[in-house]
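As stored in data15.csv (CSV, C-alpha atoms and all ligand atoms):
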```csv
chain,number,residue,atom,x,y,z
A,1,MET,CA,0.4,-28.5,15.4
A,2,THR,CA,0.9,-26.7,12.1
A,3,LEU,CA,0.9,-29.0,9.1
A,4,PRO,CA,3.1,-28.3,6.2
A,5,THR,CA,1.4,-27.9,2.8
A,6,SER,CA,3.5,-30.6,1.2
A,7,ARG,CA,1.4,-33.5,2.4
A,8,ARG,CA,1.1,-36.2,-0.3
A,9,ARG,CA,-2.5,-36.8,-1.4
A,10,VAL,CA,-3.1,-40.5,-1.2
A,11,VAL,CA,-5.9,-42.5,-2.9
A,12,LEU,CA,-6.3,-46.0,-1.4
A,13,LEU,CA,-7.8,-48.8,-3.5
A,14,GLY,CA,-8.6,-51.9,-1.3
A,15,ALA,CA,-8.7,-49.9,1.9
A,16,THR,CA,-10.1,-52.5,4.2
A,17,GLY,CA,-7.9,-55.5,3.3
A,18,SER,CA,-4.6,-56.5,4.9
A,19,ILE,CA,-2.4,-54.1,2.9
A,20,GLY,CA,-5.0,-51.4,3.0
A,21,SER,CA,-5.3,-51.5,6.8
A,22,GLN,CA,-1.5,-51.3,7.1
A,23,ALA,CA,-1.4,-48.4,4.7
A,24,CYS,CA,-4.0,-46.7,6.9
A,25,ASP,CA,-1.6,-47.3,9.9
A,26,VAL,CA,1.2,-45.6,8.0
A,27,ILE,CA,-1.0,-42.6,7.0
A,28,ALA,CA,-2.3,-42.2,10.5
A,29,ARG,CA,1.3,-42.4,11.9
A,30,PHE,CA,2.5,-39.5,9.6
A,31,PRO,CA,-0.4,-37.0,9.4
A,32,ASN,CA,2.0,-34.3,8.4
A,33,ARG,CA,3.2,-36.3,5.4
A,34,PHE,CA,0.1,-37.9,4.0
A,35,GLU,CA,-3.6,-37.0,3.4
A,36,LEU,CA,-6.0,-39.7,2.5
A,37,VAL,CA,-8.3,-38.1,-0.1
A,38,GLY,CA,-10.1,-41.1,-1.6
A,39,ALA,CA,-10.8,-44.7,-0.5
A,40,VAL,CA,-12.3,-47.7,-2.3
A,41,ALA,CA,-13.3,-51.0,-0.7
A,42,GLY,CA,-14.7,-54.2,-2.0
A,43,SER,CA,-17.7,-55.1,0.1
A,44,ASP,CA,-17.0,-54.1,3.7
A,45,GLY,CA,-19.1,-50.9,4.0
A,46,ALA,CA,-18.8,-50.7,7.8
A,47,ALA,CA,-15.0,-50.8,7.7
A,48,LEU,CA,-14.9,-48.2,4.9
A,49,ALA,CA,-17.2,-45.9,6.9
A,50,ALA,CA,-14.8,-46.2,9.8
A,51,ILE,CA,-11.8,-45.2,7.6
A,52,ALA,CA,-13.8,-42.3,6.1
A,53,ALA,CA,-14.6,-41.1,9.6
A,54,ARG,CA,-11.0,-41.6,10.9
A,55,PHE,CA,-9.4,-39.7,8.1
A,56,GLY,CA,-12.1,-37.4,7.0
A,57,VAL,CA,-11.9,-38.9,3.5
A,58,ALA,CA,-13.5,-36.7,0.8
A,59,ARG,CA,-14.6,-39.5,-1.6
A,60,THR,CA,-15.3,-43.2,-1.0
A,61,ALA,CA,-16.7,-46.0,-3.1
A,62,LEU,CA,-17.8,-49.6,-2.4
A,63,VAL,CA,-17.4,-51.9,-5.4
A,64,HIS,CA,-19.8,-54.6,-4.4
A,65,ALA,CA,-22.6,-52.8,-2.5
A,66,GLU,CA,-25.3,-55.3,-1.5
A,67,PRO,CA,-28.6,-54.3,-3.0
A,68,GLY,CA,-30.5,-52.3,-0.3
A,69,ALA,CA,-27.6,-52.2,2.1
A,70,ALA,CA,-26.9,-48.9,3.8
A,71,LEU,CA,-23.8,-47.2,2.3
A,72,PRO,CA,-21.5,-45.0,4.4
A,73,ALA,CA,-22.5,-41.3,4.1
A,74,GLY,CA,-21.5,-39.9,0.7
A,75,CYS,CA,-20.2,-43.3,-0.5
A,76,ALA,CA,-20.7,-44.2,-4.2
A,77,ALA,CA,-21.3,-47.8,-5.4
A,78,GLY,CA,-19.9,-49.9,-8.2
A,79,MET,CA,-16.8,-50.4,-10.3
A,80,GLU,CA,-17.3,-47.2,-12.3
A,81,ALA,CA,-17.4,-45.1,-9.1
A,82,ALA,CA,-14.2,-47.0,-7.9
A,83,CYS,CA,-12.5,-46.1,-11.2
A,84,GLU,CA,-13.5,-42.4,-10.9
A,85,ILE,CA,-11.9,-42.3,-7.4
A,86,ALA,CA,-8.8,-44.0,-8.8
A,87,ALA,CA,-8.5,-41.2,-11.4
A,88,MET,CA,-8.8,-38.4,-8.7
A,89,GLU,CA,-6.1,-35.8,-8.6
A,90,ALA,CA,-3.6,-37.4,-6.2
A,91,ASP,CA,0.2,-37.7,-5.7
A,92,VAL,CA,0.0,-41.5,-5.2
A,93,VAL,CA,-2.7,-44.1,-5.8
A,94,CYS,CA,-2.1,-47.2,-3.6
A,95,VAL,CA,-3.4,-50.3,-5.3
A,96,ALA,CA,-4.2,-53.0,-2.6
A,97,ILE,CA,-7.2,-54.7,-4.2
A,98,THR,CA,-6.7,-58.5,-4.3
A,99,GLY,CA,-6.3,-60.1,-7.7
A,100,ALA,CA,-7.6,-59.4,-11.1
A,101,ALA,CA,-10.4,-57.2,-9.8
A,102,ALA,CA,-7.8,-54.4,-9.5
A,103,ILE,CA,-7.2,-54.1,-13.3
A,104,ARG,CA,-9.8,-51.5,-14.2
A,105,PRO,CA,-9.1,-49.1,-11.3
A,106,THR,CA,-5.4,-49.5,-11.8
A,107,LEU,CA,-5.6,-48.6,-15.5
A,108,ALA,CA,-7.9,-45.6,-14.5
A,109,ALA,CA,-5.2,-44.3,-12.1
A,110,ILE,CA,-2.5,-44.9,-14.7
A,111,ASP,CA,-4.4,-43.0,-17.4
A,112,ALA,CA,-4.8,-40.1,-15.0
A,113,GLY,CA,-0.9,-40.0,-14.7
A,114,ALA,CA,-0.7,-40.7,-11.0
A,115,THR,CA,2.2,-42.5,-9.3
A,116,ILE,CA,1.0,-46.0,-8.7
A,117,ALA,CA,2.1,-47.8,-5.5
A,118,THR,CA,1.0,-51.3,-6.2
A,119,ALA,CA,0.7,-54.3,-3.9
A,120,THR,CA,-1.4,-56.1,-6.5
A,121,LYS,CA,1.1,-58.3,-8.5
A,122,GLU,CA,-1.8,-59.8,-10.4
A,123,VAL,CA,-2.4,-56.7,-12.5
A,124,LEU,CA,1.2,-56.7,-13.9
A,125,VAL,CA,1.0,-60.5,-14.4
A,126,MET,CA,-2.2,-60.4,-16.3
A,127,ALA,CA,-1.6,-57.3,-18.3
A,128,GLY,CA,2.0,-56.2,-17.9
A,129,GLU,CA,2.5,-55.1,-21.5
A,130,LEU,CA,-0.7,-53.1,-21.5
A,131,VAL,CA,0.0,-51.5,-18.2
A,132,LYS,CA,3.5,-50.5,-19.2
A,133,ALA,CA,2.3,-49.1,-22.5
A,134,ARG,CA,-0.5,-47.1,-20.8
A,135,ALA,CA,1.9,-45.8,-18.1
A,136,ALA,CA,4.4,-44.6,-20.7
A,137,THR,CA,1.6,-42.8,-22.6
A,138,ALA,CA,0.3,-41.1,-19.5
A,139,GLY,CA,3.6,-40.5,-17.8
A,140,ALA,CA,2.6,-42.6,-14.8
A,141,ARG,CA,5.2,-44.3,-12.6
A,142,ILE,CA,4.8,-47.6,-11.0
A,143,VAL,CA,6.5,-48.3,-7.6
A,144,PRO,CA,6.3,-51.6,-5.8
A,145,ILE,CA,4.9,-52.5,-2.4
A,146,ASP,CA,5.4,-56.2,-2.7
A,147,SER,CA,8.2,-56.7,-0.2
A,148,GLU,CA,10.6,-58.6,-2.6
A,149,HIS,CA,10.2,-56.0,-5.3
A,150,SER,CA,10.5,-53.1,-2.9
A,151,ALA,CA,13.8,-54.8,-1.8
A,152,LEU,CA,15.0,-55.0,-5.4
A,153,TRP,CA,13.9,-51.4,-6.0
A,154,GLN,CA,16.0,-50.3,-3.0
A,155,CYS,CA,19.0,-52.4,-4.1
A,156,LEU,CA,18.9,-51.0,-7.6
A,157,ARG,CA,18.6,-47.3,-6.6
A,158,GLY,CA,21.4,-45.3,-8.2
A,159,GLU,CA,22.7,-48.3,-10.1
A,160,ASP,CA,23.3,-48.6,-13.8
A,161,PRO,CA,20.7,-51.2,-15.1
A,162,ALA,CA,23.4,-52.5,-17.4
A,163,SER,CA,25.6,-53.4,-14.4
A,164,VAL,CA,23.0,-55.9,-13.0
A,165,SER,CA,23.6,-59.6,-13.6
A,166,ARG,CA,20.9,-61.2,-11.6
A,167,LEU,CA,17.8,-60.4,-9.4
A,168,VAL,CA,17.2,-63.0,-6.7
A,169,LEU,CA,13.7,-63.1,-5.1
A,170,THR,CA,13.6,-64.7,-1.7
A,171,ALA,CA,10.7,-67.0,-0.6
A,172,SER,CA,10.0,-68.2,2.9
A,173,GLY,CA,8.9,-71.6,1.5
A,174,GLY,CA,5.6,-71.2,3.3
A,175,PRO,CA,4.2,-73.7,5.8
A,176,PHE,CA,5.0,-76.8,3.8
A,177,LEU,CA,8.7,-76.4,3.1
A,178,ARG,CA,9.4,-79.5,5.1
A,179,ARG,CA,6.1,-81.4,5.1
A,180,PRO,CA,6.4,-84.9,3.6
A,181,LEU,CA,5.5,-84.6,-0.1
A,182,ASP,CA,3.3,-87.7,0.1
A,183,THR,CA,0.9,-85.9,2.5
A,184,PHE,CA,0.3,-82.8,0.2
A,185,ALA,CA,-3.0,-84.3,-1.0
A,186,SER,CA,-4.5,-84.0,2.5
A,187,ILE,CA,-3.5,-80.4,3.1
A,188,THR,CA,-6.5,-78.4,4.4
A,189,PRO,CA,-7.3,-74.7,3.7
A,190,ALA,CA,-6.7,-74.0,7.4
A,191,GLU,CA,-3.2,-75.5,7.2
A,192,ALA,CA,-2.4,-73.5,4.0
A,193,LEU,CA,-3.7,-70.3,5.7
A,194,ALA,CA,-1.1,-70.5,8.5
A,195,HIS,CA,1.9,-68.6,7.1
A,196,PRO,CA,5.1,-68.9,9.2
A,197,THR,CA,6.5,-65.4,8.7
A,198,TRP,CA,4.2,-62.9,6.9
A,199,ASN,CA,0.7,-61.8,8.1
A,200,MET,CA,-1.2,-61.4,4.8
A,201,GLY,CA,-4.6,-61.7,3.2
A,202,PRO,CA,-6.0,-65.2,2.5
A,203,LYS,CA,-5.3,-65.3,-1.3
A,204,VAL,CA,-1.6,-64.5,-1.1
A,205,THR,CA,-1.2,-66.8,1.9
A,206,ILE,CA,-2.5,-69.8,-0.1
A,207,ASP,CA,-0.3,-68.6,-3.0
A,208,SER,CA,2.7,-68.7,-0.6
A,209,ALA,CA,1.9,-72.2,0.4
A,210,THR,CA,2.0,-73.4,-3.2
A,211,MET,CA,4.7,-70.9,-4.1
A,212,MET,CA,2.4,-69.7,-6.9
A,213,ASN,CA,3.1,-66.3,-5.2
A,214,LYS,CA,6.7,-66.5,-6.0
A,215,GLY,CA,5.9,-67.5,-9.6
A,216,LEU,CA,3.6,-64.5,-9.9
A,217,GLU,CA,6.5,-62.4,-8.4
A,218,VAL,CA,9.0,-63.6,-11.1
A,219,ILE,CA,6.6,-62.3,-13.8
A,220,GLU,CA,6.0,-59.1,-11.7
A,221,ALA,CA,9.8,-58.5,-11.5
A,222,HIS,CA,10.2,-59.0,-15.2
A,223,PHE,CA,7.8,-56.2,-15.9
A,224,LEU,CA,8.8,-53.9,-13.1
A,225,PHE,CA,12.5,-54.0,-13.8
A,226,ASP,CA,12.6,-54.8,-17.5
A,227,ALA,CA,14.6,-57.9,-16.6
A,228,PRO,CA,14.8,-61.0,-18.8
A,229,TYR,CA,13.5,-64.1,-17.2
A,230,ALA,CA,16.9,-65.7,-17.4
A,231,SER,CA,18.2,-63.1,-15.0
A,232,ILE,CA,15.5,-63.6,-12.4
A,233,ASP,CA,16.1,-66.3,-9.8
A,234,VAL,CA,14.4,-67.5,-6.6
A,235,ALA,CA,15.9,-68.7,-3.4
A,236,ILE,CA,14.3,-70.2,-0.3
A,237,HIS,CA,15.0,-68.2,2.8
A,238,PRO,CA,12.7,-69.5,5.6
A,239,THR,CA,12.9,-66.5,8.1
A,240,SER,CA,12.2,-63.8,5.5
A,241,ILE,CA,14.9,-61.4,6.9
A,242,VAL,CA,16.6,-60.9,3.5
A,243,HIS,CA,13.7,-59.6,1.3
A,244,SER,CA,15.6,-60.1,-2.0
A,245,TRP,CA,19.1,-59.3,-3.4
A,246,VAL,CA,20.8,-58.1,-6.6
A,247,GLU,CA,24.0,-59.5,-8.0
A,248,PHE,CA,26.1,-57.0,-10.0
A,249,GLN,CA,28.5,-57.7,-12.8
A,250,ASP,CA,31.6,-56.9,-10.7
A,251,GLY,CA,30.6,-59.6,-8.3
A,252,ALA,CA,29.1,-57.4,-5.6
A,253,VAL,CA,25.8,-58.5,-4.0
A,254,VAL,CA,23.4,-56.0,-2.5
A,255,ALA,CA,20.6,-57.3,-0.3
A,256,GLN,CA,17.8,-55.5,1.5
A,257,MET,CA,16.9,-56.8,5.0
A,258,GLY,CA,14.5,-56.2,7.8
A,259,ILE,CA,12.2,-57.8,10.3
A,260,PRO,CA,9.1,-58.8,8.1
A,261,ASP,CA,6.7,-55.8,8.3
A,262,MET,CA,4.7,-54.7,5.3
A,263,ARG,CA,4.5,-51.1,6.7
A,264,VAL,CA,8.1,-50.6,5.6
A,265,PRO,CA,7.6,-51.1,1.9
A,266,ILE,CA,4.2,-49.4,2.1
A,267,ALA,CA,5.6,-46.3,3.6
A,268,LEU,CA,8.5,-46.2,1.2
A,269,ALA,CA,6.2,-46.5,-1.8
A,270,LEU,CA,3.7,-43.9,-0.5
A,271,ALA,CA,6.6,-41.5,0.2
A,272,ASP,CA,8.0,-42.2,-3.3
A,273,GLY,CA,11.2,-43.6,-2.0
A,274,GLU,CA,11.8,-41.3,0.9
A,275,ARG,CA,12.6,-43.1,4.2
A,276,LEU,CA,10.4,-42.1,7.2
A,277,PRO,CA,11.6,-42.6,10.7
A,278,GLY,CA,10.7,-45.6,12.9
A,279,VAL,CA,8.3,-47.3,10.5
A,280,GLY,CA,9.4,-50.9,11.1
A,281,PRO,CA,10.9,-52.8,14.0
A,282,HIS,CA,14.7,-52.6,14.7
A,283,LEU,CA,16.8,-55.4,13.2
A,284,ASP,CA,20.2,-56.4,14.6
A,285,LEU,CA,21.7,-59.1,12.4
A,286,ARG,CA,23.4,-60.7,15.4
A,287,ASP,CA,19.9,-61.6,16.7
A,288,VAL,CA,18.9,-63.5,13.6
A,289,SER,CA,22.0,-65.5,12.9
A,290,PRO,CA,22.6,-67.8,11.1
A,291,LEU,CA,20.6,-66.9,8.0
A,292,GLU,CA,19.6,-70.0,5.9
A,293,PHE,CA,19.2,-70.1,2.1
A,294,LEU,CA,18.1,-73.1,0.0
A,295,PRO,CA,17.5,-73.8,-3.6
A,296,VAL,CA,13.8,-74.3,-4.7
A,297,ASP,CA,12.9,-77.9,-4.9
A,298,GLY,CA,11.1,-78.2,-8.2
A,299,ALA,CA,9.2,-81.4,-7.3
A,300,ARG,CA,7.8,-79.8,-4.1
A,301,PHE,CA,7.1,-76.4,-5.7
A,302,PRO,CA,6.5,-76.8,-9.5
A,303,ALA,CA,4.7,-73.4,-9.5
A,304,VAL,CA,7.9,-71.4,-10.0
A,305,ALA,CA,9.0,-73.2,-13.1
A,306,LEU,CA,5.5,-73.1,-14.5
A,307,ALA,CA,5.3,-69.3,-14.0
A,308,ARG,CA,8.7,-68.9,-15.7
A,309,SER,CA,7.5,-70.9,-18.7
A,310,ALA,CA,4.2,-68.8,-18.8
A,311,GLY,CA,6.2,-65.6,-18.6
A,312,GLU,CA,8.7,-66.7,-21.3
A,313,ARG,CA,5.8,-67.7,-23.6
A,314,GLY,CA,4.5,-64.2,-23.1
A,315,GLY,CA,1.4,-62.7,-24.7
A,316,LEU,CA,-1.7,-63.6,-22.7
A,317,ALA,CA,-0.2,-66.8,-21.2
A,318,PRO,CA,0.7,-65.0,-17.9
A,319,CYS,CA,-2.9,-63.7,-17.8
A,320,VAL,CA,-4.3,-67.3,-18.1
A,321,PHE,CA,-1.7,-68.5,-15.5
A,322,ASN,CA,-3.0,-65.9,-13.0
A,323,ALA,CA,-6.7,-66.4,-13.8
A,324,ALA,CA,-6.5,-70.2,-13.5
A,325,ASN,CA,-4.6,-69.8,-10.2
A,326,GLU,CA,-7.1,-67.4,-8.7
A,327,GLU,CA,-9.9,-69.8,-9.6
A,328,ALA,CA,-8.1,-72.8,-8.3
A,329,VAL,CA,-7.4,-71.1,-5.0
A,330,THR,CA,-11.1,-70.3,-4.7
A,331,ALA,CA,-11.9,-73.9,-5.5
A,332,PHE,CA,-9.4,-75.2,-2.9
A,333,THR,CA,-10.7,-73.0,-0.2
A,334,ALA,CA,-14.3,-74.1,-1.1
A,335,GLY,CA,-13.3,-77.7,-0.9
A,336,GLN,CA,-13.7,-78.3,-4.6
A,337,CYS,CA,-10.2,-79.3,-5.3
A,338,ARG,CA,-7.2,-80.6,-3.4
A,339,PHE,CA,-4.1,-78.6,-2.5
A,340,ASP,CA,-1.9,-80.6,-4.8
A,341,GLU,CA,-4.3,-80.1,-7.7
A,342,ILE,CA,-3.9,-76.3,-7.8
A,343,VAL,CA,-0.7,-76.2,-9.8
A,344,PRO,CA,-1.6,-79.0,-12.2
A,345,LEU,CA,-4.9,-77.3,-12.9
A,346,VAL,CA,-3.1,-74.1,-13.9
A,347,SER,CA,-0.7,-76.1,-16.0
A,348,GLU,CA,-3.6,-77.9,-17.8
A,349,ALA,CA,-5.2,-74.5,-18.5
A,350,LEU,CA,-1.9,-73.1,-20.0
A,351,SER,CA,-1.6,-76.2,-22.2
A,352,ALA,CA,-5.2,-75.9,-23.5
A,353,PHE,CA,-4.9,-72.1,-24.1
A,354,HIS,CA,-4.3,-70.8,-27.6
A,355,ASP,CA,-3.2,-67.1,-27.7
A,356,HIS,CA,-4.4,-64.9,-30.5
A,357,GLY,CA,-1.8,-62.3,-29.9
A,358,ALA,CA,-3.9,-59.3,-29.1
A,359,SER,CA,-3.0,-57.1,-26.1
A,360,SER,CA,-6.1,-54.9,-25.6
A,361,LEU,CA,-8.0,-54.7,-22.3
A,362,ASP,CA,-10.8,-56.7,-23.9
A,363,ALA,CA,-8.3,-59.5,-24.9
A,364,VAL,CA,-6.9,-59.5,-21.4
A,365,LEU,CA,-10.3,-59.8,-19.9
A,366,ALA,CA,-11.3,-62.5,-22.3
A,367,ALA,CA,-8.2,-64.6,-21.5
A,368,ASP,CA,-8.9,-64.0,-17.8
A,369,ALA,CA,-12.5,-65.3,-18.2
A,370,TRP,CA,-11.2,-68.3,-20.3
A,371,GLY,CA,-8.7,-69.3,-17.6
A,372,ARG,CA,-11.4,-69.1,-14.9
A,373,GLU,CA,-13.9,-71.1,-16.9
A,374,PHE,CA,-11.4,-73.8,-17.7
A,375,VAL,CA,-10.7,-74.3,-14.0
A,376,ARG,CA,-14.4,-74.1,-13.0
A,377,THR,CA,-15.2,-76.7,-15.6
A,378,ASN,CA,-12.5,-79.0,-14.4
A,379,THR,CA,-13.1,-78.7,-10.7
A,380,VAL,CA,-16.9,-78.7,-10.1
A,381,GLY,CA,-17.6,-82.1,-8.6
A,382,ALA,CA,-14.3,-83.3,-10.1
A,383,THR,CA,-12.3,-83.9,-6.9
A,384,VAL,CA,-13.6,-87.5,-6.5
A,385,ALA,CA,-13.0,-88.3,-10.1
A,386,ARG,CA,-9.5,-86.8,-10.4
A,401,MG,MG,5.9,-60.7,-1.9
```
Let me see whether you can do it: turn the structure in this file into structure tokens.
Ligand code: MG
Amino acid sequence: MTLPTSRRRVVLLGATGSIGSQACDVIARFPNRFELVGAVAGSDGAALAAIAARFGVARTALVHAEPGAALPAGCAAGMEAACEIAAMEADVVCVAITGAAAIRPTLAAIDAGATIATATKEVLVMAGELVKARAATAGARIVPIDSEHSALWQCLRGEDPASVSRLVLTASGGPFLRRPLDTFASITPAEALAHPTWNMGPKVTIDSATMMNKGLEVIEAHFLFDAPYASIDVAIHPTSIVHSWVEFQDGAVVAQMGIPDMRVPIALALADGERLPGVGPHLDLRDVSPLEFLPVDGARFPAVALARSAGERGGLAPCVFNAANEEAVTAFTAGQCRFDEIVPLVSEALSAFHDHGASSLDAVLAADAWGREFVRTNTVGATVAR
């Protein structure tokens, strides 16, 4: 087979996680379209070595290499090495590192002027203003992988931004949409990790159960599409067929639909908006009828309104919102706080936080550390007392 010379050079950050693995599936499926030239993983050296061998990746790095552990051949270690790979010459840098750990390599890729295909909503939430300013300076574009934002991107293509009246993010409602509210205190990590429609990594799955995920996505949408918070809405849609929709000023509504499969938004982002054949499963709307939509119950899911208020407050409040949530999810999965304490902990952190208005990377990292410390201080040994 003769390969065309127009293959897109891909750097993959977070190569061994859920999104990273599915990105590898897409790259392997279209070898004449994509070339994996750099890969970074968190701590799974064996999985990274397998990816390097499978794709003949030129450069790899492991962020958290255990002291003395054998690295894959040619693999560098540490965050600085990860940032160097993020800044490699590439057509697209796919960011699939979970959580706030993605910020330094994302900024390195942006500063190098690459197109960023991001699955890590936390980076935009914690540092949206900084990320957008740096992207404007470097001429870097940011395209979404998150399924809802990919849907909005698709619905908005070719449209005049001034003609948009509302962006509506859909949410499955997660595993606890119909669970009696008075049993939320006894929800276990295993129950919260069983998502009904999407197969995802553990952090985003817990976030889906609290709907913190949708809260983070409201803030992500604000930054990705320059949309005021008043024009971003959330609807529950349990089967996740409609991935989001846009309402236009003339009354028209455009929705993007599909059988849930992250490889579709991943492929679309890696190909910079070009549609590749046969990526996802076939959808016939007659097979999924009727489609159900519900309003968000604010008593059951207070995370969405909390995110909106953090977003509207602006500055470093979304950063604290994200940091406190990440730490509360860690505490919950470690048995150090209850499921129904996650959102109140984040709310308490936001109430206690005083923003000093700076928007440098140092200020972002300081606010991130403050939010984490607040939650740690309020959860260690606190479950019994709360
Ligand atoms: Mg999503």
(message) Give me the residues near His354 (chain A) as number ranges by chain, where near means some atom within 10 Å (using all atoms listed in the file) and where sequence neighbours in that chain fewer than 5 positions away do not count.
(response) A: 316-317, 349, 367
(message) Show me which residues are within 9 Å of ligand MG 401 (chain A) counting all atoms listed in the file, and format the list as a PyMOL selection string.
(response) chain A and resi 119+121+145-150+169-171+204+208+213-214+217+243
Would you save the residues of that selection, restricted to C-alpha atoms, as a CSV table (one decimal), in the frame of the given file?
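Final file, result.csv:
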```
chain,number,residue,atom,x,y,z
A,119,ALA,CA,0.7,-54.3,-3.9
A,121,LYS,CA,1.1,-58.3,-8.5
A,145,ILE,CA,4.9,-52.5,-2.4
A,146,ASP,CA,5.4,-56.2,-2.7
A,147,SER,CA,8.2,-56.7,-0.2
A,148,GLU,CA,10.6,-58.6,-2.6
A,149,HIS,CA,10.2,-56.0,-5.3
A,150,SER,CA,10.5,-53.1,-2.9
A,169,LEU,CA,13.7,-63.1,-5.1
A,170,THR,CA,13.6,-64.7,-1.7
A,171,ALA,CA,10.7,-67.0,-0.6
A,204,VAL,CA,-1.6,-64.5,-1.1
A,208,SER,CA,2.7,-68.7,-0.6
A,213,ASN,CA,3.1,-66.3,-5.2
A,214,LYS,CA,6.7,-66.5,-6.0
A,217,GLU,CA,6.5,-62.4,-8.4
A,243,HIS,CA,13.7,-59.6,1.3
```
(message) Please report the interatomic distance between CA of Ser240 (chain A) and CA of Ser309 (chain A) in Å with one decimal.
(response) 25.7 Å
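Each of A:Ser289, A:Thr205, A:Gln154, A:Ser6 was compared to Asp91 (chain A) using all atoms listed in the file, and A:Ser6 turns out to be the nearest.
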Just the residues within 8 Å of Cys75 (chain A), please, counting only C-alpha atoms, with nothing from its chain fewer than 3 positions along; format it as a PDB file with C-alpha atoms, keeping the file's coordinate frame.
```pdb
ATOM      1  CA  ARG A  59     -14.600 -39.500  -1.600  1.00  0.00           C
ATOM      2  CA  THR A  60     -15.300 -43.200  -1.000  1.00  0.00           C
ATOM      3  CA  ALA A  61     -16.700 -46.000  -3.100  1.00  0.00           C
ATOM      4  CA  LEU A  62     -17.800 -49.600  -2.400  1.00  0.00           C
ATOM      5  CA  LEU A  71     -23.800 -47.200   2.300  1.00  0.00           C
ATOM      6  CA  PRO A  72     -21.500 -45.000   4.400  1.00  0.00           C
TER       7      PRO A  72
END
```
With all atoms listed in the file as the counted atoms, please give the residues lying no more than 10 Å from region 225-232 of chain A, apart from itself and same-chain residues fewer than 5 positions off, as an mmCIF file with C-alpha atoms, keeping the file's coordinate frame.
```cif
data_model
loop_
_atom_site.group_PDB
_atom_site.id
_atom_site.type_symbol
_atom_site.label_atom_id
_atom_site.label_comp_id
_atom_site.auth_asym_id
_atom_site.auth_seq_id
_atom_site.Cartn_x
_atom_site.Cartn_y
_atom_site.Cartn_z
ATOM 1 C CA HIS A 149 10.200 -56.000 -5.300
ATOM 2 C CA LEU A 152 15.000 -55.000 -5.400
ATOM 3 C CA TRP A 153 13.900 -51.400 -6.000
ATOM 4 C CA LEU A 156 18.900 -51.000 -7.600
ATOM 5 C CA PRO A 161 20.700 -51.200 -15.100
ATOM 6 C CA VAL A 164 23.000 -55.900 -13.000
ATOM 7 C CA SER A 165 23.600 -59.600 -13.600
ATOM 8 C CA ARG A 166 20.900 -61.200 -11.600
ATOM 9 C CA LEU A 167 17.800 -60.400 -9.400
ATOM 10 C CA VAL A 168 17.200 -63.000 -6.700
ATOM 11 C CA LEU A 169 13.700 -63.100 -5.100
ATOM 12 C CA GLU A 217 6.500 -62.400 -8.400
ATOM 13 C CA VAL A 218 9.000 -63.600 -11.100
ATOM 14 C CA ILE A 219 6.600 -62.300 -13.800
ATOM 15 C CA GLU A 220 6.000 -59.100 -11.700
ATOM 16 C CA VAL A 246 20.800 -58.100 -6.600
ATOM 17 C CA GLU A 247 24.000 -59.500 -8.000
ATOM 18 C CA ARG A 308 8.700 -68.900 -15.700
ATOM 19 C CA SER A 309 7.500 -70.900 -18.700
ATOM 20 C CA GLY A 311 6.200 -65.600 -18.600
ATOM 21 C CA GLU A 312 8.700 -66.700 -21.300
#
```
(request) Pick out the closest residue to Ile241 (chain A) from this set: A:Gly357, A:Pro31, A:Pro290, A:Gly278. Count all atoms listed in the file. (result) A:Pro290
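The nearest approach to Ser163 (chain A) among the residues A:Gly251, A:Gly201, A:Gly68, A:Pro265, with all atoms listed in the file taken into account, belongs to A:Gly251.
Taking CA of Ala69 (chain A) and CA of Cys83 (chain A) as endpoints, the distance between them is 21.0 Å.
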(request) Pick out the closest residue to Gly17 (chain A) from this set: A:Leu193, A:Pro202, A:Ile110, A:Ala70. Count all atoms listed in the file. (result)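 Ranking A:Leu193, A:Pro202, A:Ile110, A:Ala70 by distance to Gly17 (chain A), first place goes to A:Pro202.
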(request) Check the smallest atom-to-atom distance from each of A:Met257, A:Ala49, A:Met126, A:Met88 to Pro105 (chain A) using all atoms listed in the file, then report the winner. (result)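 Between A:Met257, A:Ala49, A:Met126, A:Met88, the residue approaching Pro105 (chain A) most closely is A:Met88.
If you measure from each of A:Ile206, A:Leu36, A:Leu216, A:Ala108 to Ala305 (chain A) using all atoms listed in the file, the closest one turns out to be A:Leu216.
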(request) Please provide as a VMD selection string all residues within 10 Å of region 331-343 of chain A, with the sequence filter that same-chain residues fewer than 3 positions apart are discarded (counting all atoms listed in the file). (result) chain A and resid 181 183 to 190 192 to 193 202 to 203 206 to 207 209 to 212 300 to 304 306 321 324 to 328 346 to 349 375 to 376 378 to 384 386
(request) Would you mind reading off the distance between CA of Ala15 (chain A) and CA of Phe34 (chain A), one decimal, in Å? (result)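 These atoms are spaced 15.0 Å apart.
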(request) For Gly99 (chain A), work out the shell of residues within 8 Å, counting all atoms listed in the file and skipping chain neighbours fewer than 2 positions away, then give it as a PyMOL selection string. (result) chain A and resi 97+101-102+120-123+326
